[in-house]
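Here is the structure we will look at.
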Amino acid sequence: MSYVCELTGKRRLKGHRVSHANNRTIHFQQPNLHERALFVPEINQSIKVRLCTKALRTIDKHGGLARCLLKMKPDHFSPKLLKLKKMIIKKGKVN
């Protein structure tokens, strides 16, 4: 499994741990990802997505996954979320 948020595209960061003797070892910082099943009432389905905590807060702020998908730019969306966005636009039931 890759450590990538499906909504924001947030990935792991690469850096070095530097010891007192200035030895460098590669270190990765992973994003805080959670797998959630979110219900989308516009299409009457729930979908499983891997999201970082910032994306979960953004979804809460916009009032649901459908509204969040429509308001955000699709620069980093996963193919699953792009397909979902097209389905929501096709139904045209967003408040």
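Just remember, in the structure tokens the first chain shown is A, the second B, etc., residues are 1-based per chain, and ligands are 1-based in the order shown.
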Next on the checklist: I need the residues of chain A that end up classed as helix (DSSP H, G or I) by DSSP on the backbone, written out as a PyMOL selection string.
Outcome noted: chain A and resi 53-62+65-71+79-91
Near range 9-21 of chain A, 10 Å: range 55-88 of chain A residue rows, closest pairs, only C-alpha atoms, as CSV:
residue,atom,partner,partner_atom,distance
A:Ala55,CA,A:Lys10,CA,9.4
A:Asp75,CA,A:Gly9,CA,8.3
A:His76,CA,A:Gly9,CA,4.8
A:Phe77,CA,A:Gly9,CA,6.7
A:Ser78,CA,A:Gly9,CA,8.0
Store the residues picked out above in a file with C-alpha atoms, as a PDB file, in the first residue's frame.
ATOM      1  CA  ALA A  55      -8.466  15.867   4.377  1.00  0.00           C
ATOM      2  CA  ASP A  75      -5.004  18.184  -9.077  1.00  0.00           C
ATOM      3  CA  HIS A  76      -4.253  15.343  -6.645  1.00  0.00           C
ATOM      4  CA  PHE A  77      -7.457  13.272  -6.684  1.00  0.00           C
ATOM      5  CA  SER A  78      -7.150   9.513  -7.084  1.00  0.00           C
TER       6      SER A  78
END
Checklist entry - Which polymer residues have any atom within 8 Å of an atom of range 66-71 of chain A, counting only C-alpha atoms, with same-chain residues fewer than 2 positions away left out, as a PyMOL selection string? => result chain A and resi 40+42+58-59+62-64+73-74+81+85+88+94
Keeping only N, CA and C atoms, write the selected residues to a file as a PDB file, in the first residue's frame.
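Result saved to part_12.pdb:
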ATOM      1  N   VAL A  40     -21.975   8.739   0.668  1.00  0.00           N
ATOM      2  CA  VAL A  40     -22.269   9.848  -0.233  1.00  0.00           C
ATOM      3  C   VAL A  40     -23.755   9.779  -0.560  1.00  0.00           C
ATOM      4  N   GLU A  42     -25.688  11.655  -2.276  1.00  0.00           N
ATOM      5  CA  GLU A  42     -26.056  12.058  -3.630  1.00  0.00           C
ATOM      6  C   GLU A  42     -26.179  10.865  -4.576  1.00  0.00           C
ATOM      7  N   THR A  58     -11.170  18.780   6.219  1.00  0.00           N
ATOM      8  CA  THR A  58     -11.659  19.557   5.082  1.00  0.00           C
ATOM      9  C   THR A  58     -13.031  19.058   4.645  1.00  0.00           C
ATOM     10  N   ILE A  59     -13.225  17.743   4.657  1.00  0.00           N
ATOM     11  CA  ILE A  59     -14.525  17.172   4.300  1.00  0.00           C
ATOM     12  C   ILE A  59     -15.588  17.623   5.293  1.00  0.00           C
ATOM     13  N   HIS A  62     -16.519  21.344   4.600  1.00  0.00           N
ATOM     14  CA  HIS A  62     -17.360  21.586   3.428  1.00  0.00           C
ATOM     15  C   HIS A  62     -18.732  20.935   3.540  1.00  0.00           C
ATOM     16  N   GLY A  63     -18.916  20.035   4.500  1.00  0.00           N
ATOM     17  CA  GLY A  63     -20.218  19.428   4.695  1.00  0.00           C
ATOM     18  C   GLY A  63     -20.444  18.161   3.906  1.00  0.00           C
ATOM     19  N   GLY A  64     -19.426  17.364   3.726  1.00  0.00           N
ATOM     20  CA  GLY A  64     -19.573  16.083   3.040  1.00  0.00           C
ATOM     21  C   GLY A  64     -18.571  15.927   1.916  1.00  0.00           C
ATOM     22  N   LYS A  73      -9.907  21.696  -6.314  1.00  0.00           N
ATOM     23  CA  LYS A  73      -9.320  21.447  -7.636  1.00  0.00           C
ATOM     24  C   LYS A  73      -8.886  19.979  -7.709  1.00  0.00           C
ATOM     25  N   PRO A  74      -9.127  19.313  -8.837  1.00  0.00           N
ATOM     26  CA  PRO A  74      -8.811  17.875  -8.922  1.00  0.00           C
ATOM     27  C   PRO A  74      -7.353  17.582  -9.262  1.00  0.00           C
ATOM     28  N   LEU A  81     -11.717   8.881  -6.924  1.00  0.00           N
ATOM     29  CA  LEU A  81     -12.422  10.115  -6.573  1.00  0.00           C
ATOM     30  C   LEU A  81     -12.793  10.924  -7.810  1.00  0.00           C
ATOM     31  N   LYS A  85     -16.561  12.042  -8.659  1.00  0.00           N
ATOM     32  CA  LYS A  85     -16.928  13.422  -8.956  1.00  0.00           C
ATOM     33  C   LYS A  85     -17.751  13.500 -10.242  1.00  0.00           C
ATOM     34  N   ILE A  88     -21.292  12.356  -9.515  1.00  0.00           N
ATOM     35  CA  ILE A  88     -22.056  13.357  -8.762  1.00  0.00           C
ATOM     36  C   ILE A  88     -22.515  14.470  -9.690  1.00  0.00           C
ATOM     37  N   VAL A  94     -26.460  17.910  -5.956  1.00  0.00           N
ATOM     38  CA  VAL A  94     -25.709  18.568  -4.892  1.00  0.00           C
ATOM     39  C   VAL A  94     -26.428  19.839  -4.472  1.00  0.00           C
TER      40      VAL A  94
END
Item to check | Å distance separating CA of His27 in chain A from CA of Cys52 in chain A, one decimal place | outcome: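 Spanning CA of His27 in chain A to CA of Cys52 in chain A is a straight-line distance of 19.8 Å.
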Checklist entry - Could you state the separation of CA of Lys86 in chain A and CA of Lys48 in chain A in Å, given to one decimal place? => result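 Separation of CA of Lys86 in chain A and CA of Lys48 in chain A: 17.1 Å.
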Checklist entry - What separation in Å, quoted to one decimal, exists between CA of Met87 in chain A and CA of Phe39 in chain A? => result 14.2 Å
Next on the checklist: Considering only strand (DSSP E) as DSSP defines it on the backbone, what residues of chain A qualify? List them as a VMD selection string.
Outcome noted: chain A and resid 13 to 18 24 to 29 33 to 40 45 to 52
Checklist entry - Could you pull the residues within 7 Å of Ala37 in chain A, counting only C-alpha atoms, minus those fewer than 5 positions along the same chain, as a list in words? => result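 Final neighbour list, sorted by chain and number: Ser46, Ile47, Lys48 and Val49 of chain A.
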